[in-house]
$ cat entry24.cif   # mmCIF, C-alpha atoms and all ligand atoms
data_my_file
#
loop_
_atom_site.label_atom_id
_atom_site.label_comp_id
_atom_site.auth_asym_id
_atom_site.auth_seq_id
_atom_site.Cartn_x
_atom_site.Cartn_y
_atom_site.Cartn_z
CA MET A 1 3.53 35.12 32.16
CA VAL A 2 2.73 33.52 35.47
CA GLY A 3 1.04 30.13 35.30
CA MET A 4 1.59 29.64 31.57
CA THR A 5 4.11 27.31 29.94
CA ALA A 6 5.12 27.78 26.33
CA SER A 7 3.83 24.94 24.15
CA PRO A 8 6.74 22.79 23.00
CA SER A 9 7.82 23.75 19.49
CA ARG A 10 6.54 21.53 16.73
CA LYS A 11 8.88 20.43 14.00
CA VAL A 12 9.25 18.11 11.04
CA LEU A 13 12.32 15.96 10.42
CA LEU A 14 12.53 15.42 6.67
CA ALA A 15 14.57 12.44 5.51
CA ALA A 16 17.21 12.73 2.80
CA PRO A 17 17.44 10.82 0.62
CA ARG A 18 13.79 9.98 0.06
CA GLY A 19 11.54 9.36 -2.95
CA TYR A 20 12.53 8.45 -6.49
CA CYS A 21 15.56 6.26 -7.04
CA ALA A 22 17.42 6.03 -10.35
CA GLY A 23 15.57 2.86 -11.42
CA VAL A 24 12.12 4.38 -10.83
CA ASP A 25 13.01 7.66 -12.52
CA ARG A 26 14.20 5.71 -15.58
CA ALA A 27 11.13 3.46 -15.69
CA VAL A 28 8.62 6.32 -15.41
CA ILE A 29 10.44 8.38 -18.05
CA ALA A 30 10.54 5.28 -20.28
CA VAL A 31 6.71 5.04 -20.26
CA GLU A 32 6.39 8.76 -21.00
CA LYS A 33 8.96 8.57 -23.84
CA ALA A 34 7.28 5.49 -25.34
CA LEU A 35 3.91 7.32 -25.30
CA GLU A 36 5.53 10.33 -26.98
CA GLN A 37 7.32 8.27 -29.64
CA TYR A 38 4.69 5.66 -30.47
CA GLY A 39 1.47 7.24 -29.21
CA ALA A 40 -1.15 5.61 -26.96
CA PRO A 41 -1.81 2.96 -25.99
CA ILE A 42 1.39 1.61 -24.52
CA TYR A 43 0.75 -1.57 -22.55
CA VAL A 44 2.67 -2.02 -19.31
CA ARG A 45 2.90 -5.45 -17.74
CA HIS A 46 2.38 -4.94 -13.99
CA GLU A 47 2.48 -1.51 -12.32
CA ILE A 48 5.57 0.18 -13.78
CA VAL A 49 6.48 1.02 -10.16
CA HIS A 50 4.42 0.30 -7.06
CA ASN A 51 2.80 3.69 -6.69
CA LYS A 52 -0.89 4.47 -7.08
CA TYR A 53 -0.40 8.12 -8.11
CA VAL A 54 2.25 7.25 -10.75
CA VAL A 55 0.03 4.53 -12.23
CA GLN A 56 -3.06 6.79 -12.31
CA THR A 57 -1.08 9.63 -13.92
CA LEU A 58 0.35 7.37 -16.64
CA GLU A 59 -3.08 5.83 -17.25
CA ARG A 60 -4.43 9.30 -17.97
CA LYS A 61 -1.62 9.76 -20.53
CA GLY A 62 -2.52 6.53 -22.35
CA ALA A 63 -0.70 3.68 -20.62
CA ILE A 64 -2.71 0.48 -20.08
CA PHE A 65 -1.60 -1.65 -17.16
CA VAL A 66 -2.11 -5.41 -17.37
CA GLU A 67 -1.02 -8.30 -15.15
CA GLN A 68 -0.53 -10.92 -17.86
CA THR A 69 1.18 -10.75 -21.25
CA ALA A 70 -1.81 -12.62 -22.74
CA GLU A 71 -3.98 -9.55 -22.09
CA VAL A 72 -1.97 -7.50 -24.61
CA PRO A 73 -3.39 -7.47 -28.18
CA GLU A 74 -1.14 -8.99 -30.85
CA GLY A 75 1.23 -6.54 -32.50
CA SER A 76 1.17 -4.01 -29.62
CA ILE A 77 4.01 -2.53 -27.60
CA VAL A 78 4.41 -3.86 -24.07
CA MET A 79 6.74 -2.52 -21.43
CA PHE A 80 8.06 -4.62 -18.54
CA SER A 81 8.04 -2.98 -15.10
CA ALA A 82 11.06 -1.92 -13.01
CA HIS A 83 10.71 -5.10 -10.92
CA GLY A 84 11.80 -7.39 -13.78
CA VAL A 85 10.29 -10.45 -15.42
CA ALA A 86 11.15 -14.13 -15.77
CA PRO A 87 12.56 -15.31 -19.14
CA VAL A 88 9.25 -17.08 -19.85
CA VAL A 89 7.57 -13.66 -20.05
CA HIS A 90 9.92 -12.62 -22.86
CA GLU A 91 8.98 -15.87 -24.64
CA GLU A 92 5.25 -15.17 -24.17
CA ALA A 93 5.72 -11.68 -25.65
CA ALA A 94 7.57 -13.07 -28.68
CA ALA A 95 4.82 -15.67 -29.19
CA GLY A 96 2.19 -12.90 -29.06
CA LYS A 97 4.14 -10.88 -31.65
CA LEU A 98 4.57 -8.04 -29.18
CA ALA A 99 7.26 -5.36 -29.37
CA THR A 100 8.85 -5.14 -25.93
CA ILE A 101 10.53 -2.38 -23.97
CA ASP A 102 12.26 -3.64 -20.85
CA ALA A 103 12.22 -1.13 -17.97
CA THR A 104 13.68 -3.60 -15.46
CA CYS A 105 15.97 -1.69 -13.09
CA PRO A 106 19.62 -2.47 -13.92
CA LEU A 107 20.13 -3.36 -10.24
CA VAL A 108 17.43 -6.04 -10.52
CA THR A 109 19.00 -7.30 -13.76
CA LYS A 110 22.28 -7.62 -11.84
CA VAL A 111 20.60 -10.06 -9.41
CA HIS A 112 19.09 -12.02 -12.35
CA LYS A 113 22.60 -12.38 -13.82
CA GLU A 114 24.01 -13.57 -10.49
CA ALA A 115 21.24 -16.18 -10.30
CA VAL A 116 21.99 -17.45 -13.81
CA ARG A 117 25.73 -17.63 -13.11
CA PHE A 118 25.36 -19.56 -9.83
CA ALA A 119 22.74 -21.88 -11.37
CA ASN A 120 25.12 -22.62 -14.27
CA ASP A 121 27.75 -23.56 -11.68
CA ASP A 122 25.10 -25.84 -10.14
CA TYR A 123 24.77 -24.00 -6.80
CA ASP A 124 21.64 -24.14 -4.71
CA ILE A 125 20.50 -20.51 -4.49
CA LEU A 126 18.65 -19.31 -1.39
CA LEU A 127 16.77 -16.22 -2.52
CA ILE A 128 15.78 -14.06 0.45
CA GLY A 129 12.62 -12.15 -0.45
CA HIS A 130 8.89 -11.77 0.00
CA GLU A 131 6.73 -14.54 -1.40
CA GLY A 132 4.52 -13.38 -4.27
CA HIS A 133 6.44 -10.13 -4.85
CA GLU A 134 6.88 -9.41 -8.58
CA GLU A 135 10.67 -9.07 -8.35
CA VAL A 136 11.06 -12.43 -6.60
CA ILE A 137 8.83 -14.11 -9.21
CA GLY A 138 11.05 -12.68 -11.96
CA THR A 139 14.38 -13.62 -10.35
CA SER A 140 13.18 -17.14 -9.43
CA GLY A 141 12.11 -17.64 -13.04
CA GLU A 142 15.75 -17.39 -14.17
CA ALA A 143 16.57 -20.73 -12.57
CA PRO A 144 13.50 -22.27 -10.95
CA ASP A 145 15.23 -25.63 -10.35
CA HIS A 146 18.08 -24.04 -8.42
CA ILE A 147 16.28 -21.34 -6.41
CA THR A 148 14.55 -21.70 -3.03
CA LEU A 149 12.71 -18.71 -1.60
CA VAL A 150 13.49 -17.78 2.03
CA ASP A 151 10.89 -15.31 3.30
CA GLY A 152 12.51 -14.12 6.55
CA PRO A 153 14.33 -15.78 9.47
CA GLU A 154 11.31 -17.92 10.38
CA ASP A 155 11.58 -19.71 7.01
CA VAL A 156 15.13 -20.95 7.62
CA ALA A 157 14.18 -24.09 9.60
CA LYS A 158 12.40 -25.63 6.62
CA VAL A 159 15.11 -24.86 4.00
CA GLU A 160 16.75 -27.90 2.45
CA VAL A 161 19.64 -28.04 -0.03
CA ARG A 162 21.22 -30.77 -2.14
CA ASP A 163 24.82 -30.10 -1.10
CA PRO A 164 25.53 -27.84 1.92
CA SER A 165 29.03 -27.12 0.55
CA LYS A 166 27.56 -25.48 -2.56
CA VAL A 167 25.04 -22.91 -1.42
CA VAL A 168 24.79 -19.17 -2.05
CA TRP A 169 22.28 -16.58 -0.87
CA LEU A 170 20.94 -13.75 -3.02
CA SER A 171 18.13 -11.31 -2.23
CA GLN A 172 15.34 -9.07 -3.42
CA THR A 173 16.60 -5.48 -3.83
CA THR A 174 14.06 -3.81 -1.55
CA LEU A 175 14.28 -5.66 1.78
CA SER A 176 15.01 -4.48 5.31
CA VAL A 177 18.81 -4.57 5.63
CA ASP A 178 18.69 -5.64 9.29
CA GLU A 179 16.07 -8.35 8.84
CA THR A 180 17.98 -9.74 5.86
CA MET A 181 21.14 -9.96 7.96
CA GLU A 182 19.15 -11.86 10.62
CA THR A 183 18.02 -14.31 7.94
CA VAL A 184 21.58 -14.65 6.62
CA ASP A 185 22.92 -15.31 10.14
CA ALA A 186 20.32 -18.04 10.66
CA LEU A 187 21.15 -19.55 7.25
CA LYS A 188 24.89 -19.47 8.04
CA GLU A 189 24.27 -21.30 11.28
CA LYS A 190 22.48 -24.01 9.35
CA PHE A 191 24.83 -24.02 6.33
CA PRO A 192 28.28 -22.84 7.54
CA GLN A 193 29.69 -22.97 4.01
CA LEU A 194 27.01 -20.61 2.65
CA ILE A 195 28.56 -18.00 0.38
CA SER A 196 27.39 -14.40 -0.04
CA PRO A 197 26.53 -12.50 -3.23
CA PRO A 198 29.53 -10.88 -4.93
CA SER A 199 28.07 -7.42 -4.12
CA ASP A 200 25.03 -6.03 -2.24
CA ASP A 201 21.72 -7.14 -3.72
CA ILE A 202 19.73 -4.75 -1.51
CA CYS A 203 20.11 -1.65 -3.62
CA TYR A 204 21.73 1.66 -2.66
CA ALA A 205 18.35 3.47 -2.64
CA THR A 206 16.73 0.98 -0.25
CA GLN A 207 19.74 1.13 2.06
CA ASN A 208 20.02 4.93 2.09
CA ARG A 209 16.30 5.50 2.76
CA GLN A 210 16.48 3.08 5.70
CA LEU A 211 19.61 4.82 7.06
CA ALA A 212 17.86 8.21 7.05
CA VAL A 213 14.78 6.81 8.80
CA LYS A 214 16.96 5.17 11.44
CA GLN A 215 18.56 8.54 12.15
CA MET A 216 15.19 10.27 12.62
CA GLY A 217 13.39 7.37 14.33
CA ALA A 218 14.83 7.94 17.79
CA GLU A 219 13.80 11.61 17.86
CA ALA A 220 10.42 11.42 16.12
CA ASP A 221 7.17 10.79 18.02
CA LEU A 222 5.52 9.92 14.74
CA VAL A 223 6.93 8.97 11.34
CA ILE A 224 4.82 9.37 8.19
CA VAL A 225 6.07 7.33 5.24
CA VAL A 226 4.57 8.26 1.87
CA GLY A 227 4.17 5.19 -0.31
CA SER A 228 1.71 2.61 -1.60
CA ARG A 229 0.61 -0.55 0.22
CA ASN A 230 2.21 -2.84 -2.39
CA SER A 231 5.59 -1.08 -2.30
CA SER A 232 8.03 -3.32 -0.47
CA ASN A 233 10.67 -0.66 0.12
CA SER A 234 8.08 1.84 1.41
CA LYS A 235 6.60 -0.69 3.85
CA ARG A 236 10.08 -1.51 5.14
CA LEU A 237 10.56 2.18 6.05
CA VAL A 238 7.59 1.96 8.45
CA GLU A 239 9.11 -1.09 10.15
CA VAL A 240 12.57 0.47 10.34
CA ALA A 241 11.14 3.70 11.84
CA LYS A 242 9.40 1.76 14.62
CA LEU A 243 12.47 -0.36 15.36
CA ALA A 244 14.55 2.84 15.51
CA GLY A 245 12.35 4.17 18.31
CA ALA A 246 9.51 6.13 16.68
CA ARG A 247 6.38 5.83 18.87
CA GLU A 248 4.24 5.35 15.78
CA ALA A 249 4.83 5.09 12.03
CA TYR A 250 2.24 5.00 9.26
CA LEU A 251 2.20 4.50 5.50
CA VAL A 252 0.03 6.89 3.47
CA ASP A 253 -0.49 7.26 -0.27
CA PHE A 254 -1.65 10.88 0.03
CA ALA A 255 -1.84 13.60 2.73
CA GLU A 256 -5.64 13.06 2.85
CA GLU A 257 -5.04 9.68 4.48
CA ILE A 258 -3.43 11.23 7.56
CA ASP A 259 -5.63 10.93 10.64
CA GLU A 260 -5.69 14.08 12.82
CA ALA A 261 -5.63 11.84 15.89
CA TRP A 262 -2.09 10.69 15.01
CA LEU A 263 -0.85 14.19 15.83
CA GLU A 264 -2.25 14.30 19.39
CA GLY A 265 0.59 14.97 21.85
CA VAL A 266 3.13 14.86 19.02
CA THR A 267 5.85 17.50 18.77
CA THR A 268 8.26 15.92 16.27
CA VAL A 269 7.07 14.28 13.04
CA GLY A 270 9.47 12.42 10.76
CA VAL A 271 8.58 12.42 7.05
CA THR A 272 10.00 10.23 4.32
CA SER A 273 8.93 8.46 1.14
CA GLY A 274 9.62 5.23 -0.72
CA ALA A 275 11.71 4.89 -3.86
CA SER A 276 8.60 4.89 -6.09
CA VAL A 277 7.06 8.09 -4.68
CA PRO A 278 6.96 11.43 -6.54
CA GLU A 279 8.03 14.42 -4.46
CA VAL A 280 4.71 16.21 -5.06
CA LEU A 281 3.08 13.75 -2.63
CA VAL A 282 5.61 14.57 0.10
CA GLU A 283 4.96 18.27 -0.53
CA GLY A 284 1.27 17.59 0.12
CA VAL A 285 2.13 16.01 3.48
CA LEU A 286 4.40 18.92 4.44
CA GLU A 287 1.61 21.40 3.60
CA TYR A 288 -0.85 19.38 5.70
CA LEU A 289 1.56 19.43 8.64
CA ALA A 290 2.43 23.13 8.24
CA ALA A 291 -1.27 23.97 8.43
CA ARG A 292 -1.30 22.25 11.85
CA GLY A 293 1.67 24.10 13.34
CA PHE A 294 4.49 21.92 12.02
CA GLU A 295 6.15 24.64 9.94
CA ASP A 296 9.71 24.17 11.06
CA VAL A 297 11.40 21.61 8.75
CA GLU A 298 14.81 20.14 9.53
CA ILE A 299 16.58 17.88 7.00
CA VAL A 300 18.03 14.60 8.30
CA LYS A 301 20.63 13.69 5.74
CA ALA A 302 22.05 10.19 5.67
CA ALA A 303 23.67 10.01 2.22
CA GLU A 304 24.29 11.80 -1.06
CA GLU A 305 22.89 10.17 -4.19
CA SER A 306 24.01 10.99 -7.70
CA ILE A 307 23.43 7.71 -9.58
CA THR A 308 21.41 7.80 -12.81
CA PHE A 309 20.63 5.13 -15.41
CA SER A 310 20.29 5.57 -19.16
CA LEU A 311 16.93 4.73 -20.77
CA PRO A 312 16.06 1.15 -21.81
CA LYS A 313 18.01 0.25 -24.91
CA GLU A 314 14.89 -0.09 -27.08
CA LEU A 315 14.12 3.58 -26.55
CA ARG A 316 17.72 4.66 -26.96
CA ARG A 317 17.95 2.82 -30.27
CA ASP A 318 14.83 4.60 -31.46
CA LEU A 319 16.24 7.90 -30.35
CA ARG A 320 19.37 7.20 -32.36
CA ALA A 321 17.26 6.24 -35.39
CA GLU A 322 15.20 9.41 -35.03
CA ALA A 323 18.32 11.54 -34.76
CA ALA A 324 19.77 9.87 -37.88
CA ALA A 325 16.51 10.50 -39.82
CA LEU A 326 16.54 14.14 -38.80
CA ILE A 327 20.14 14.57 -39.90
CA ALA A 328 19.39 12.85 -43.26
CA GLU A 329 16.36 15.13 -43.77
CA ARG A 330 18.45 18.22 -43.05
CA THR A 331 21.27 17.10 -45.35
CA GLU A 332 18.78 16.56 -48.19
CA LYS A 333 17.38 20.09 -47.80
CA LYS A 334 20.84 21.66 -48.27
O1 LIG B 401 10.10 -3.59 -4.87
P1 LIG B 401 9.12 -2.54 -4.37
O2 LIG B 401 7.80 -3.15 -4.03
O3 LIG B 401 9.70 -1.72 -3.28
O4 LIG B 401 8.89 -1.62 -5.64
P2 LIG B 401 8.56 -0.10 -5.85
O5 LIG B 401 8.03 0.02 -7.23
O6 LIG B 401 7.80 0.49 -4.76
O7 LIG B 401 10.00 0.56 -5.78
C1 LIG B 401 10.92 0.58 -6.77
C2 LIG B 401 11.43 -0.64 -7.27
C3 LIG B 401 11.89 -1.62 -7.70
C4 LIG B 401 12.46 -2.80 -8.27
FE1 LIG B 402 16.35 -0.15 -8.74
FE2 LIG B 402 16.60 -0.03 -6.10
FE3 LIG B 402 15.05 1.67 -7.34
FE4 LIG B 402 14.31 -0.89 -7.20
S1 LIG B 402 14.51 0.54 -5.50
S2 LIG B 402 14.18 0.43 -8.98
S3 LIG B 402 16.33 -1.86 -7.34
S4 LIG B 402 17.28 1.50 -7.59
#

$ encode --input "entry24.cif" --output "structure tokens" --more "lines below"
Ligand code: 0CM
Ligand code: SF4
Amino acid sequence: MVGMTASPSRKVLLAAPRGYCAGVDRAVIAVEKALEQYGAPIYVRHEIVHNKYVVQTLERKGAIFVEQTAEVPEGSIVMFSAHGVAPVVHEEAAAGKLATIDATCPLVTKVHKEAVRFANDDYDILLIGHEGHEEVIGTSGEAPDHITLVDGPEDVAKVEVRDPSKVVWLSQTTLSVDETMETVDALKEKFPQLISPPSDDICYATQNRQLAVKQMGAEADLVIVVGSRNSSNSKRLVEVAKLAGAREAYLVDFAEEIDEAWLEGVTTVGVTSGASVPEVLVEGVLEYLAARGFEDVEIVKAAEESITFSLPKELRRDLRAEAAALIAERTEKK
């Protein structure tokens, strides 16, 4: 038709992998299983994972979230969140006669063990992480006299160590890979004998979600990251998207938080979600976008994930006990 140009086609780039990681899946199932096995209430110290929807859903099922162990009534069951706790928290729970279920992600536990090992060998440990974040509080608590927090490259200038020939860096599991490497480079310049962790502390899920966002960032006008404000790994995805070239990137808990104005002049929208985000929330965003002409969805795949973790041992033991009781009951009936 003369004088008319076809409107550019609108599409969504959908990141893969996105959403739940193995540690979150395990932690959320652990709360559900504990509610099933023991009945409500199950106390959970700190948000089991940093996601508003997950916390609200579990609250409706009978979980009670608290920030301090002292808030849990004597004799109750308390679960520790995926982000891990300091040894002192285990002591507090024992003093309060609480039964504990530890849903700390095994990849966080791995960092705790590294910290203990290097502290026993009398290293100064430079823990790269965000001040005040629950995971960093837990890891630091393993060896408070040996650990110094380094919150980004700008913190390096003020770092001091006892012996520059005996220094190691470790990190929070949910940091930006690139920013962490910047911090490590600055630390290495200051302490040339700095040694690195025996294996990656930034977990596979954090790394893969950032890789996928990097791939879509250059092509997307706008990137929508589904995740909560207190979720470190989700917030990092917004930063990575912008650094990868996205004109804009926003974090939303739910589709209802999307502002129509963000879509003005936009033809390609990238969508992803943090490691603590249920897929149903991403589906809500895709429906919102489809209703506005973004029906075409293309997957941007950066990695395959197949890792799973078994349930916390306290629940597994109970499952074994239950199975044994059932077998005994059946044998008796014969
Ligand atoms: O550490 P972060 O704030 O990203 O936590 P999260 O609950 O959003 O994600 C999963 C984890 C861990 C540890
Ligand atoms: Fe574990 Fe990584 Fe998931 Fe955190 S983001 S729970 S460290 S797998």

$ residues_near_ligand --input "entry24.cif" --ligand "ligand LIG 401 (chain B)" --cutoff "9 Å" --atoms "all atoms listed in the file" --output "PyMOL selection string"
chain A and resi 20-21+23-24+47-51+81-84+104-105+107-108+133-135+172-175+205-206+227-236+274-277

$ residues_around --input "entry24.cif" --residues "A:Ala94" --least-positions-apart "6" --cutoff "10 Å" --atoms "only C-alpha atoms" --output "JSON, numbers by chain"
{"A": [74, 75, 88, 100]}

$ write_last_selection --input "entry24.cif" --atoms "C-alpha atoms" --output "mmCIF file, keeping the file's coordinate frame"
data_model
loop_
_atom_site.group_PDB
_atom_site.id
_atom_site.type_symbol
_atom_site.label_atom_id
_atom_site.label_comp_id
_atom_site.auth_asym_id
_atom_site.auth_seq_id
_atom_site.Cartn_x
_atom_site.Cartn_y
_atom_site.Cartn_z
ATOM 1 C CA GLU A 74 -1.140 -8.990 -30.850
ATOM 2 C CA GLY A 75 1.230 -6.540 -32.500
ATOM 3 C CA VAL A 88 9.250 -17.080 -19.850
ATOM 4 C CA THR A 100 8.850 -5.140 -25.930
#

$ residues_around --input "entry24.cif" --residues "A:Leu58" --least-positions-apart "2" --cutoff "12 Å" --atoms "only C-alpha atoms" --output "count of residues only"
30

$ atom_distance --input "entry24.cif" --atom1 "atom CA of A:Asp200" --atom2 "atom CA of A:Lys113"
13.4 Å

$ residues_near_point --input "entry24.cif" --point "(19.4, 11.0, -13.2)" --cutoff "8 Å" --atoms "all atoms listed in the file" --output "list in words"
Ala22, Asp25, Arg26, Ser306, Ile307, Thr308 and Phe309 of chain A

$ residues_around --input "entry24.cif" --residues "stretch 122-128 of chain A" --least-positions-apart "6" --cutoff "8 Å" --atoms "all atoms listed in the file" --output "list of chain:residue names"
A:Ala115, A:Val136, A:Ser140, A:His146, A:Ile147, A:Thr148, A:Leu149, A:Val150, A:Asp151, A:Gly152, A:Val161, A:Arg162, A:Asp163, A:Lys166, A:Val167, A:Val168, A:Trp169, A:Leu170, A:Ser171, A:Gln172, A:Thr180, A:Thr183

$ closest_residue --input "entry24.cif" --among "A:Ile202, A:Leu286, A:Leu211, A:Ala186" --to "ligand LIG 402 (chain B)" --atoms "only C-alpha atoms and all ligand atoms"
A:Ile202
